[in-house]
>>> print(open('work00.txt').read())   # compact mmCIF, C-alpha atoms
# COMPACT_ATOMS: atom_id res chain seq x y z
CA MET P 1472 -3.57 7.35 -9.32
CA ASN P 1473 -0.48 9.42 -8.41
CA ALA P 1474 3.06 8.17 -8.85
CA ASN P 1475 3.49 7.43 -5.13
CA ALA P 1476 0.40 5.22 -4.86
CA PHE P 1477 1.13 3.46 -8.15
CA ALA P 1478 4.72 2.72 -7.17
CA LEU P 1479 3.77 1.31 -3.77
CA ARG P 1480 0.90 -0.83 -5.06
CA LEU P 1481 2.92 -2.28 -7.91
CA LEU P 1482 5.82 -2.95 -5.54
CA ILE P 1483 3.53 -4.79 -3.12
CA VAL P 1484 2.27 -7.04 -5.94
CA ILE P 1485 5.83 -7.73 -7.11
CA GLN P 1486 6.93 -8.55 -3.56
CA LEU P 1487 3.98 -10.87 -3.01
CA LEU P 1488 4.63 -12.83 -6.19
CA SER P 1489 8.42 -12.97 -5.96
CA MET P 1490 8.49 -13.96 -2.30
CA GLY P 1491 5.79 -16.53 -2.96
CA ALA P 1492 8.02 -17.96 -5.69
CA MET P 1493 10.93 -18.18 -3.25
CA GLU P 1494 8.83 -19.75 -0.50
CA MET P 1495 7.54 -22.45 -2.86
CA SER P 1496 10.76 -24.33 -2.17
CA GLY P 1497 11.35 -22.99 1.37
CA PRO P 1498 10.30 -26.03 3.45
CA PHE P 1499 11.50 -28.61 0.93
CA TRP P 1500 15.27 -28.01 0.61
CA PRO P 1501 16.11 -30.68 3.23
CA LEU P 1502 13.97 -33.20 1.34
CA GLN P 1503 15.79 -32.40 -1.91
CA ILE P 1504 19.15 -32.63 -0.13
CA GLN P 1505 18.10 -36.05 1.14
CA ALA P 1506 17.08 -37.12 -2.37
CA LEU P 1507 20.33 -35.92 -4.01
CA ALA P 1508 22.68 -37.09 -1.26
CA GLY P 1509 21.50 -40.68 -1.15
CA ASP P 1510 22.79 -42.94 1.62
CA ILE P 1511 25.47 -40.73 3.15
CA GLY P 1512 24.42 -40.97 6.77
CA SER P 1513 22.05 -38.93 8.91
CA ASN P 1514 24.74 -36.67 10.37
CA LEU P 1515 26.00 -35.45 6.98
CA THR P 1516 22.43 -35.05 5.77
CA ALA P 1517 21.74 -32.86 8.81
CA VAL P 1518 24.84 -30.76 8.03
CA LEU P 1519 23.82 -30.27 4.39
CA SER P 1520 20.23 -29.53 5.41
CA SER P 1521 21.53 -26.73 7.62
CA ALA P 1522 24.03 -25.52 5.01
CA VAL P 1523 21.36 -25.15 2.33
CA TYR P 1524 19.80 -22.46 4.54
CA ALA P 1525 22.90 -21.14 6.31
CA GLY P 1526 25.03 -20.65 3.17
CA PRO P 1527 22.79 -18.07 1.47
CA MET P 1528 22.24 -16.35 4.79
CA VAL P 1529 25.96 -15.78 5.28
CA ALA P 1530 26.37 -14.49 1.73
CA ALA P 1531 23.38 -12.15 2.05
CA MET P 1532 24.50 -10.97 5.48
CA LEU P 1533 27.86 -9.89 4.07
CA LEU P 1534 26.67 -8.34 0.81
CA THR P 1535 23.22 -6.85 1.44
CA PRO P 1536 24.59 -3.59 2.96
CA PHE P 1537 26.77 -3.22 -0.15
CA TRP P 1538 23.74 -3.54 -2.43
CA GLY P 1539 21.87 -1.07 -0.20
CA ARG P 1540 24.63 1.52 -0.37
CA LEU P 1541 24.85 1.04 -4.12
CA GLY P 1542 21.10 1.59 -4.33
CA ASP P 1543 21.46 4.85 -2.40
CA ARG P 1544 23.82 6.06 -5.12
CA THR P 1545 22.14 4.65 -8.24
CA GLY P 1546 18.48 4.42 -7.21
CA HIS P 1547 16.78 1.34 -5.74
CA LYS P 1548 14.79 0.35 -8.83
CA PRO P 1549 17.92 -1.05 -10.58
CA MET P 1550 18.66 -3.07 -7.42
CA ILE P 1551 15.14 -4.53 -7.50
CA LEU P 1552 15.61 -5.60 -11.12
CA ARG P 1553 19.05 -7.07 -10.45
CA ALA P 1554 17.81 -9.06 -7.48
CA LEU P 1555 14.81 -10.50 -9.33
CA LEU P 1556 16.96 -11.64 -12.25
CA ALA P 1557 19.45 -13.23 -9.86
CA LEU P 1558 16.67 -15.10 -8.08
CA ALA P 1559 15.31 -16.37 -11.39
CA LEU P 1560 18.73 -17.61 -12.49
CA CYS P 1561 19.48 -19.43 -9.25
CA GLN P 1562 16.09 -21.12 -9.13
CA GLY P 1563 16.58 -22.35 -12.67
CA LEU P 1564 19.97 -23.80 -11.80
CA ALA P 1565 18.55 -25.47 -8.70
CA ALA P 1566 16.07 -27.30 -10.94
CA ILE P 1567 18.79 -29.03 -12.97
CA ILE P 1568 21.56 -29.64 -10.43
CA SER P 1569 22.10 -33.30 -9.54
CA ASN P 1570 24.55 -32.96 -6.66
CA ALA P 1571 23.73 -32.02 -3.07
CA TRP P 1572 26.89 -29.95 -2.63
CA GLY P 1573 26.18 -28.14 -5.91
CA LEU P 1574 22.70 -27.29 -4.68
CA VAL P 1575 24.22 -25.70 -1.59
CA ALA P 1576 26.60 -23.68 -3.81
CA ILE P 1577 23.70 -22.39 -5.92
CA ARG P 1578 21.88 -21.33 -2.79
CA ILE P 1579 24.96 -19.42 -1.61
CA ALA P 1580 25.12 -17.59 -4.94
CA GLN P 1581 21.45 -16.74 -4.59
CA GLY P 1582 22.07 -15.17 -1.20
CA ALA P 1583 25.03 -13.18 -2.48
CA LEU P 1584 23.27 -11.76 -5.54
CA ALA P 1585 19.77 -11.14 -4.24
CA GLY P 1586 19.07 -8.43 -1.64
CA PHE P 1587 15.53 -7.89 -2.93
CA LEU P 1588 13.86 -7.17 0.39
CA ALA P 1589 16.23 -4.37 1.41
CA ALA P 1590 15.95 -2.77 -2.04
CA ALA P 1591 12.15 -2.96 -1.94
CA GLN P 1592 12.02 -1.46 1.55
CA ALA P 1593 14.31 1.44 0.64
CA TYR P 1594 12.37 2.03 -2.59
CA ALA P 1595 9.06 2.09 -0.69
CA LEU P 1596 10.44 4.52 1.89
CA HIS P 1597 11.29 6.91 -0.94
CA TRP P 1598 7.62 7.08 -2.00
CA CYS P 1599 5.89 7.20 1.40
CA ASP P 1600 5.66 10.12 3.81
CA ALA P 1601 7.31 10.19 7.22
CA THR P 1602 4.08 9.51 9.14
CA SER P 1603 3.29 6.23 7.39
CA ARG P 1604 6.58 4.34 7.48
CA GLY P 1605 5.25 1.69 9.81
CA ARG P 1606 2.18 1.02 7.69
CA THR P 1607 4.18 0.99 4.47
CA LEU P 1608 6.75 -1.49 5.75
CA ALA P 1609 3.97 -3.54 7.33
CA HIS P 1610 2.14 -3.77 3.99
CA LEU P 1611 5.35 -5.04 2.39
CA GLN P 1612 5.69 -7.55 5.21
CA SER P 1613 2.09 -8.59 4.65
CA ALA P 1614 2.83 -9.13 0.97
CA THR P 1615 5.77 -11.32 1.94
CA ALA P 1616 3.53 -13.18 4.37
CA VAL P 1617 0.85 -13.84 1.76
CA GLY P 1618 3.57 -15.14 -0.55
CA SER P 1619 4.77 -17.34 2.28
CA LEU P 1620 1.23 -18.60 2.73
CA LEU P 1621 0.57 -19.44 -0.91
CA GLY P 1622 4.07 -20.47 -1.98
CA PRO P 1623 4.65 -23.51 0.25
CA ALA P 1624 1.17 -24.90 -0.39
CA LEU P 1625 1.69 -24.58 -4.15
CA GLY P 1626 5.20 -26.00 -3.79
CA GLY P 1627 3.92 -29.02 -1.90
CA TRP P 1628 1.33 -29.68 -4.60
CA LEU P 1629 3.96 -29.34 -7.35
CA ILE P 1630 6.32 -31.77 -5.59
CA ASP P 1631 3.56 -34.33 -5.11
CA SER P 1632 2.36 -34.02 -8.70
CA SER P 1633 5.45 -33.22 -10.80
CA GLY P 1634 8.59 -33.15 -8.67
CA PHE P 1635 11.12 -30.63 -7.42
CA ALA P 1636 12.41 -29.53 -10.83
CA LEU P 1637 9.05 -28.18 -11.99
CA LEU P 1638 8.72 -26.33 -8.69
CA CYS P 1639 12.02 -24.49 -9.32
CA PHE P 1640 11.23 -23.79 -12.98
CA SER P 1641 7.89 -22.34 -11.92
CA ALA P 1642 9.69 -20.04 -9.46
CA THR P 1643 12.03 -18.97 -12.26
CA GLY P 1644 9.11 -18.00 -14.47
CA ILE P 1645 7.42 -16.02 -11.71
CA CYS P 1646 10.62 -14.09 -10.92
CA LEU P 1647 11.13 -13.24 -14.59
CA ALA P 1648 7.54 -11.99 -14.80
CA CYS P 1649 8.14 -9.86 -11.69
CA ALA P 1650 11.30 -8.39 -13.25
CA LEU P 1651 9.28 -7.45 -16.33
CA ALA P 1652 6.62 -5.81 -14.16
CA ALA P 1653 9.33 -3.94 -12.23
CA LEU P 1654 10.27 -2.11 -15.41
CA TRP P 1655 7.02 -0.14 -14.93
CA LEU P 1656 8.06 1.11 -11.50
CA PRO P 1657 8.77 4.87 -11.47
CA ALA P 1658 12.48 5.56 -11.17
CA ASP P 1659 13.61 6.79 -7.78
CA PRO P 1660 16.41 9.34 -8.13
CA PRO P 1661 19.78 8.32 -6.66
CA HIS P 1662 21.07 10.09 -3.61
CA HIS P 1663 24.40 11.81 -3.95
CA ARG P 1664 26.87 11.11 -1.23
CA PRO P 1665 26.88 14.09 1.14
CA SER P 1666 30.13 15.98 1.38
CA LYS P 1667 31.99 15.44 4.60
CA GLN P 1668 32.72 18.59 6.55
CA PRO P 1669 34.66 18.80 9.79
CA GLY P 1670 32.30 18.58 12.76
CA SER P 1671 29.29 17.68 10.65
CA LYS P 1672 27.08 14.99 12.19
CA ALA P 1673 23.92 15.51 10.19
CA GLU P 1674 24.41 12.40 8.08
CA ALA P 1675 25.87 10.12 10.76
CA LEU P 1676 23.98 6.97 11.62
CA PRO P 1677 22.79 7.00 15.27
CA LYS P 1678 25.14 4.20 16.28
CA ARG P 1679 23.91 3.37 19.77
CA TRP P 1680 20.27 3.28 18.76
CA LEU P 1681 20.96 1.44 15.53
CA GLY P 1682 23.16 -1.12 17.28
CA GLY P 1683 20.46 -1.86 19.81
CA ILE P 1684 17.78 -2.37 17.15
CA LEU P 1685 20.09 -4.55 15.06
CA LEU P 1686 20.67 -6.75 18.10
CA VAL P 1687 16.91 -7.02 18.61
CA ILE P 1688 16.52 -8.11 14.98
CA VAL P 1689 19.19 -10.80 15.39
CA LEU P 1690 17.45 -12.24 18.45
CA ILE P 1691 13.90 -12.36 17.14
CA GLN P 1692 14.94 -13.64 13.72
CA ALA P 1693 17.07 -16.41 15.24
CA ALA P 1694 14.05 -17.69 17.13
CA LYS P 1695 11.81 -17.41 14.06
CA ILE P 1696 14.10 -19.41 11.76
CA MET P 1697 15.08 -22.16 14.20
CA PRO P 1698 12.41 -24.65 13.00
CA GLN P 1699 13.44 -24.52 9.33
CA PRO P 1700 16.06 -27.32 9.34
CA PHE P 1701 13.67 -29.80 10.96
CA TYR P 1702 10.22 -28.45 10.05
CA ALA P 1703 9.45 -30.65 7.02
CA LEU P 1704 10.82 -33.74 8.77
CA TYR P 1705 8.85 -32.95 11.96
CA VAL P 1706 5.51 -32.57 10.17
CA SER P 1707 6.04 -35.60 7.94
CA GLN P 1708 7.42 -37.96 10.62
CA VAL P 1709 6.06 -36.79 13.97
CA LEU P 1710 2.65 -35.63 12.71
CA ALA P 1711 2.58 -38.16 9.82
CA ALA P 1712 1.35 -35.48 7.38
CA PRO P 1713 1.64 -35.48 3.55
CA SER P 1714 3.68 -32.92 1.61
CA TRP P 1715 0.73 -30.63 0.93
CA LEU P 1716 0.08 -30.34 4.67
CA ILE P 1717 3.75 -29.55 5.27
CA GLY P 1718 3.38 -26.59 2.95
CA ALA P 1719 -0.01 -25.56 4.33
CA THR P 1720 1.06 -25.56 7.99
CA TYR P 1721 4.38 -23.91 7.11
CA GLY P 1722 2.53 -21.03 5.45
CA ALA P 1723 -0.36 -20.86 7.95
CA SER P 1724 1.42 -18.35 10.18
CA ALA P 1725 1.78 -16.08 7.16
CA LEU P 1726 -2.00 -15.69 7.01
CA THR P 1727 -2.29 -14.17 10.47
CA LEU P 1728 0.95 -12.24 9.97
CA ALA P 1729 -0.48 -10.67 6.81
CA LEU P 1730 -3.65 -9.69 8.65
CA SER P 1731 -1.93 -8.41 11.79
CA ALA P 1732 1.10 -6.57 10.39
CA PRO P 1733 -0.78 -3.48 9.05
CA LEU P 1734 -2.62 -3.20 12.38
CA TRP P 1735 0.65 -3.39 14.32
CA GLY P 1736 2.20 -0.87 11.90
CA ARG P 1737 -0.65 1.56 12.42
CA LEU P 1738 -0.23 1.25 16.19
CA PHE P 1739 3.55 1.66 16.20
CA ASP P 1740 3.42 4.74 13.94
CA ARG P 1741 1.92 6.49 16.98
CA LEU P 1742 4.32 5.17 19.66
CA GLN P 1743 7.65 6.49 20.86
CA PRO P 1744 10.68 4.18 20.40
CA ALA P 1745 11.02 3.29 24.10
CA ARG P 1746 7.35 2.26 24.28
CA THR P 1747 7.73 0.31 21.05
CA LEU P 1748 10.55 -1.77 22.54
CA ARG P 1749 8.37 -2.55 25.56
CA VAL P 1750 5.63 -3.92 23.28
CA ILE P 1751 8.18 -5.95 21.27
CA GLU P 1752 9.43 -7.47 24.54
CA LEU P 1753 5.88 -8.46 25.51
CA VAL P 1754 5.29 -10.03 22.09
CA ALA P 1755 8.50 -12.06 22.44
CA TRP P 1756 7.16 -13.49 25.71
CA LEU P 1757 3.91 -14.41 23.96
CA CYS P 1758 5.89 -16.12 21.21
CA ALA P 1759 7.72 -18.19 23.82
CA ALA P 1760 4.42 -19.34 25.31
CA THR P 1761 2.98 -20.14 21.88
CA LEU P 1762 5.98 -22.24 20.83
CA ALA P 1763 5.81 -24.14 24.12
CA ALA P 1764 2.23 -25.03 23.17
CA THR P 1765 3.49 -26.10 19.72
CA ALA P 1766 5.94 -28.48 21.38
CA LEU P 1767 3.17 -30.04 23.46
CA VAL P 1768 0.61 -30.79 20.76
CA GLY P 1769 0.71 -34.11 18.95
CA GLU P 1770 -1.95 -33.74 16.26
CA TRP P 1771 -1.85 -31.52 13.21
CA PRO P 1772 -5.08 -29.51 13.90
CA ALA P 1773 -3.71 -28.25 17.23
CA PHE P 1774 -0.31 -27.74 15.61
CA LEU P 1775 -1.98 -25.62 12.92
CA ALA P 1776 -3.74 -23.53 15.58
CA THR P 1777 -0.46 -22.67 17.30
CA ARG P 1778 1.04 -21.69 13.93
CA LEU P 1779 -1.83 -19.27 13.33
CA ILE P 1780 -1.44 -17.68 16.78
CA TRP P 1781 2.34 -17.41 16.36
CA GLY P 1782 1.87 -15.62 13.03
CA ALA P 1783 -0.23 -12.91 14.69
CA TRP P 1784 2.67 -12.07 17.01
CA GLN P 1785 5.17 -11.98 14.12
CA GLY P 1786 3.55 -8.88 12.66
CA ALA P 1787 4.80 -6.90 15.68
CA LEU P 1788 8.44 -7.94 15.45
CA LEU P 1789 10.59 -7.69 12.32
CA PRO P 1790 8.63 -5.04 10.33
CA VAL P 1791 8.44 -2.86 13.44
CA ALA P 1792 12.19 -3.11 13.97
CA TYR P 1793 12.73 -2.00 10.37
CA MET P 1794 10.39 0.93 10.98
CA LEU P 1795 12.49 2.03 13.96
CA ILE P 1796 15.61 2.00 11.79
CA ALA P 1797 13.90 3.94 8.99
CA SER P 1798 12.67 6.59 11.43
CA THR P 1799 16.13 7.41 12.76
CA VAL P 1800 18.42 7.64 9.73
CA SER P 1801 18.69 10.24 7.01
CA HIS P 1802 16.88 9.80 3.72
CA GLN P 1803 20.24 9.52 1.93
CA GLN P 1804 21.10 6.42 3.99
CA GLN P 1805 17.85 4.48 3.87
CA GLY P 1806 19.21 1.85 1.50
CA PHE P 1807 22.33 1.24 3.56
CA ALA P 1808 20.34 1.21 6.82
CA MET P 1809 17.79 -1.24 5.41
CA GLY P 1810 20.73 -3.32 4.18
CA LEU P 1811 22.13 -3.39 7.72
CA GLY P 1812 18.72 -4.37 9.05
CA ASN P 1813 18.42 -7.18 6.55
CA SER P 1814 21.98 -8.30 7.31
CA ALA P 1815 21.05 -8.46 10.98
CA ALA P 1816 18.02 -10.53 10.03
CA LYS P 1817 20.25 -12.86 8.03
CA ALA P 1818 22.69 -13.09 10.95
CA GLY P 1819 19.79 -14.02 13.20
CA ALA P 1820 18.51 -16.49 10.62
CA LEU P 1821 21.98 -18.04 10.39
CA LEU P 1822 22.14 -18.37 14.15
CA GLY P 1823 18.65 -19.82 14.19
CA THR P 1824 19.50 -22.32 11.46
CA VAL P 1825 22.56 -23.55 13.36
CA LEU P 1826 20.57 -23.79 16.58
CA GLY P 1827 17.74 -25.57 14.78
CA GLY P 1828 20.11 -28.13 13.33
CA ALA P 1829 21.67 -28.61 16.75
CA ALA P 1830 18.24 -29.04 18.34
CA MET P 1831 17.37 -31.75 15.81
CA ALA P 1832 20.68 -33.55 16.40
CA ILE P 1833 20.65 -33.27 20.21
CA ALA P 1834 17.01 -33.58 21.21
CA GLY P 1835 15.50 -35.33 18.20
CA LEU P 1836 12.49 -34.29 16.19
CA HIS P 1837 9.94 -34.90 18.95
CA HIS P 1838 11.46 -32.29 21.28
CA ALA P 1839 12.98 -29.78 18.85
CA PHE P 1840 10.24 -27.15 19.25
CA TRP P 1841 11.07 -26.78 22.94
CA PHE P 1842 14.37 -25.24 21.87
CA VAL P 1843 12.47 -22.67 19.78
CA ALA P 1844 10.40 -21.72 22.83
CA LEU P 1845 13.62 -21.28 24.82
CA ALA P 1846 15.04 -19.10 22.05
CA TYR P 1847 12.06 -16.74 22.29
CA LEU P 1848 12.41 -16.72 26.06
CA GLY P 1849 16.04 -15.68 25.66
CA ALA P 1850 15.07 -13.02 23.11
CA ALA P 1851 12.48 -11.55 25.49
CA LEU P 1852 14.99 -11.43 28.34
CA PHE P 1853 17.65 -9.73 26.20
CA ILE P 1854 15.19 -7.19 24.77
CA GLY P 1855 14.20 -6.36 28.33
CA ILE P 1856 17.85 -5.86 29.26
CA ILE P 1857 18.39 -3.57 26.27
CA ARG P 1858 15.29 -1.54 27.06
CA ARG P 1859 16.03 -1.17 30.77
CA SER P 1860 19.74 -0.47 30.34
CA HIS P 1861 18.99 2.48 28.10
CA ASN P 1862 15.76 3.60 29.73
CA ALA P 1863 17.59 6.14 31.86
CA SER P 1864 19.58 7.44 28.87
CA PRO P 1865 17.32 9.71 26.77
CA SER P 1866 20.16 10.27 24.30
CA PHE P 1867 19.76 6.64 23.23
CA PHE P 1868 16.37 7.54 21.80
CA SER P 1869 17.22 11.06 20.65
CA ALA P 1870 18.25 10.42 17.05
CA THR P 1871 16.56 12.97 14.84
CA PRO P 1872 14.12 11.38 12.41
CA SER P 1873 14.89 12.01 8.79
CA ASN P 1874 12.68 14.14 6.62
CA ASN P 1875 11.43 12.04 3.76
CA THR P 1876 10.97 14.72 1.20
>>> encode(input="work00.txt", output="structure tokens")
Amino acid sequence: MNANAFALRLLIVIQLLSMGAMEMSGPFWPLQIQALAGDIGSNLTAVLSSAVYAGPMVAAMLLTPFWGRLGDRTGHKPMILRALLALALCQGLAAIISNAWGLVAIRIAQGALAGFLAAAQAYALHWCDATSRGRTLAHLQSATAVGSLLGPALGGWLIDSSGFALLCFSATGICLACALAALWLPADPPHHRPSKQPGSKAEALPKRWLGGILLVIVLIQAAKIMPQPFYALYVSQVLAAPSWLIGATYGASALTLALSAPLWGRLFDRLQPARTLRVIELVAWLCAATLAATALVGEWPAFLATRLIWGAWQGALLPVAYMLIASTVSHQQQGFAMGLGNSAAKAGALLGTVLGGAAMAIAGLHHAFWFVALAYLGAALFIGIIRRSHNASPSFFSATPSNNT
């Protein structure tokens, strides 16, 4: 096996395990907030349940481009190691904290110190050729999806059998094992900052194109994350499901995402950017219809079916947007560009978390998923506006792809 194939396969395994470890606790933070906060009122519990997701998103949104730029200069392998160790530390602290506000603070620190996904994406782009960016990023997304499928189910079982602390300690152990495995990754050489010469534009980010794609990422990620603040409460109270079913349905969409993402990546590797945006717009409309169906069902089997369908559409959204960014920036800026993409995803996730909390407070659990359907509807409309407003401007799509040599 050559160095490229070994690096990518090992990275995929590390991403699967580490993201699975993180998703073990993903749906259950509001339940832990409720347990630690005690009888403080439903409004404050709702605020803390949103903050436990929003806090790390804000921190990651602000700092991920910094970690990406640092990775461009030092190599992305050290950034992978740093992020895994930070995740392990924060999960361990979350296991022993006994205060709801302290748990939120730990989560904020986790967001500030992590940046694993951007580092892994930039590292993978170093080892793949220019014609397989979509497939490579899709395989990483599939690994994340499989982790999201297995993690919540395992987390639900651990909570039912042993409690939240053992869940977090288990995640700590997995992250430490991943950090040890990452030592075997081949080192990617750092990229020296190009010298600035008057009139030189070779290393400039294509701002108009990049700005449009970052906006697309914000919109689709906001809609995706909206259910998080109320998801566990919805499944447990509206569908009357046990904790293991909360985790299973939460991760169900990851199964179809994992299966569909490489297929979408293979398709989009052959499409021009303008055509790609058209397909993303169509998929956003399909997501809106699927979430409307989710809001209508009242039994968990039908709810599970809509989650599986929704996951199939997800494979054509975020990983494809990252591919568009990777295809239009220089090799020396991949880490920074992936950092910007991940910051946009965190900004969208923050927006989605706030909107999800608002939906729970305004409409109640029974009607909260209608707001998610409306969010996808808004995303589809805005993507259409972006595509049509720049359709007559070829320069918007004329950024020269980088040579990944």
>>> atom_distance(input="work00.txt", atom1="atom CA of P:Gly1634", atom2="atom CA of P:Pro1772")
26.6 Å
>>> closest_atom_pairs(input="work00.txt", of="stretch 1720-1780 of chain P", to="stretch 1600-1613 of chain P", cutoff="6 Å", atoms="only C-alpha atoms", output="tab-separated table")
residue	atom	partner	partner_atom	distance
P:Ala1729	CA	P:Ser1613	CA	3.9
P:Ala1732	CA	P:Ala1609	CA	5.2
P:Pro1733	CA	P:Ala1609	CA	5.1
P:Gly1736	CA	P:Gly1605	CA	4.5
P:Arg1737	CA	P:Arg1606	CA	5.5
P:Asp1740	CA	P:Gly1605	CA	5.5
>>> closest_residue(input="work00.txt", among="P:Gln1505, P:Ser1496, P:Ser1731, P:Gln1804", to="P:Gly1546", atoms="only C-alpha atoms")
P:Gln1804
>>> closest_residue(input="work00.txt", among="P:Gly1786, P:Gly1627, P:Pro1498, P:Gly1819", to="P:Tyr1705", atoms="all atoms listed in the file")
P:Pro1498
>>> closest_residue(input="work00.txt", among="P:Thr1747, P:Gln1562, P:Ser1633, P:Gln1592", to="P:Gln1805", atoms="only C-alpha atoms")
P:Gln1592
>>> build_atoms(input="work00.txt", residues="stretch 1561-1576 of chain P", atoms="N, CA and C atoms", output="CSV table (one decimal), keeping the file's coordinate frame")
chain,number,residue,atom,x,y,z
P,1561,CYS,N,19.1,-18.4,-10.2
P,1561,CYS,CA,19.5,-19.4,-9.2
P,1561,CYS,C,18.4,-20.5,-9.1
P,1562,GLN,N,17.2,-20.1,-9.2
P,1562,GLN,CA,16.1,-21.1,-9.1
P,1562,GLN,C,16.1,-22.1,-10.3
P,1563,GLY,N,16.4,-21.5,-11.5
P,1563,GLY,CA,16.6,-22.4,-12.7
P,1563,GLY,C,17.7,-23.3,-12.6
P,1564,LEU,N,18.8,-22.9,-12.0
P,1564,LEU,CA,20.0,-23.8,-11.8
P,1564,LEU,C,19.7,-24.9,-10.8
P,1565,ALA,N,18.9,-24.5,-9.7
P,1565,ALA,CA,18.6,-25.5,-8.7
P,1565,ALA,C,17.7,-26.6,-9.3
P,1566,ALA,N,16.9,-26.3,-10.3
P,1566,ALA,CA,16.1,-27.3,-10.9
P,1566,ALA,C,16.9,-28.4,-11.7
P,1567,ILE,N,18.1,-28.1,-12.1
P,1567,ILE,CA,18.8,-29.0,-13.0
P,1567,ILE,C,20.0,-29.6,-12.3
P,1568,ILE,N,20.4,-29.1,-11.1
P,1568,ILE,CA,21.6,-29.6,-10.4
P,1568,ILE,C,21.3,-31.1,-9.9
P,1569,SER,N,22.3,-31.9,-10.0
P,1569,SER,CA,22.1,-33.3,-9.5
P,1569,SER,C,23.0,-33.7,-8.4
P,1570,ASN,N,23.6,-32.7,-7.7
P,1570,ASN,CA,24.6,-33.0,-6.7
P,1570,ASN,C,24.2,-32.1,-5.4
P,1571,ALA,N,24.2,-32.7,-4.3
P,1571,ALA,CA,23.7,-32.0,-3.1
P,1571,ALA,C,24.7,-30.8,-2.7
P,1572,TRP,N,26.0,-31.0,-2.9
P,1572,TRP,CA,26.9,-30.0,-2.6
P,1572,TRP,C,26.7,-28.8,-3.7
P,1573,GLY,N,26.4,-29.2,-4.9
P,1573,GLY,CA,26.2,-28.1,-5.9
P,1573,GLY,C,24.9,-27.3,-5.6
P,1574,LEU,N,23.9,-28.0,-5.1
P,1574,LEU,CA,22.7,-27.3,-4.7
P,1574,LEU,C,23.0,-26.3,-3.6
P,1575,VAL,N,23.8,-26.6,-2.6
P,1575,VAL,CA,24.2,-25.7,-1.6
P,1575,VAL,C,25.0,-24.5,-2.2
P,1576,ALA,N,25.8,-24.8,-3.2
P,1576,ALA,CA,26.6,-23.7,-3.8
P,1576,ALA,C,25.7,-22.7,-4.5
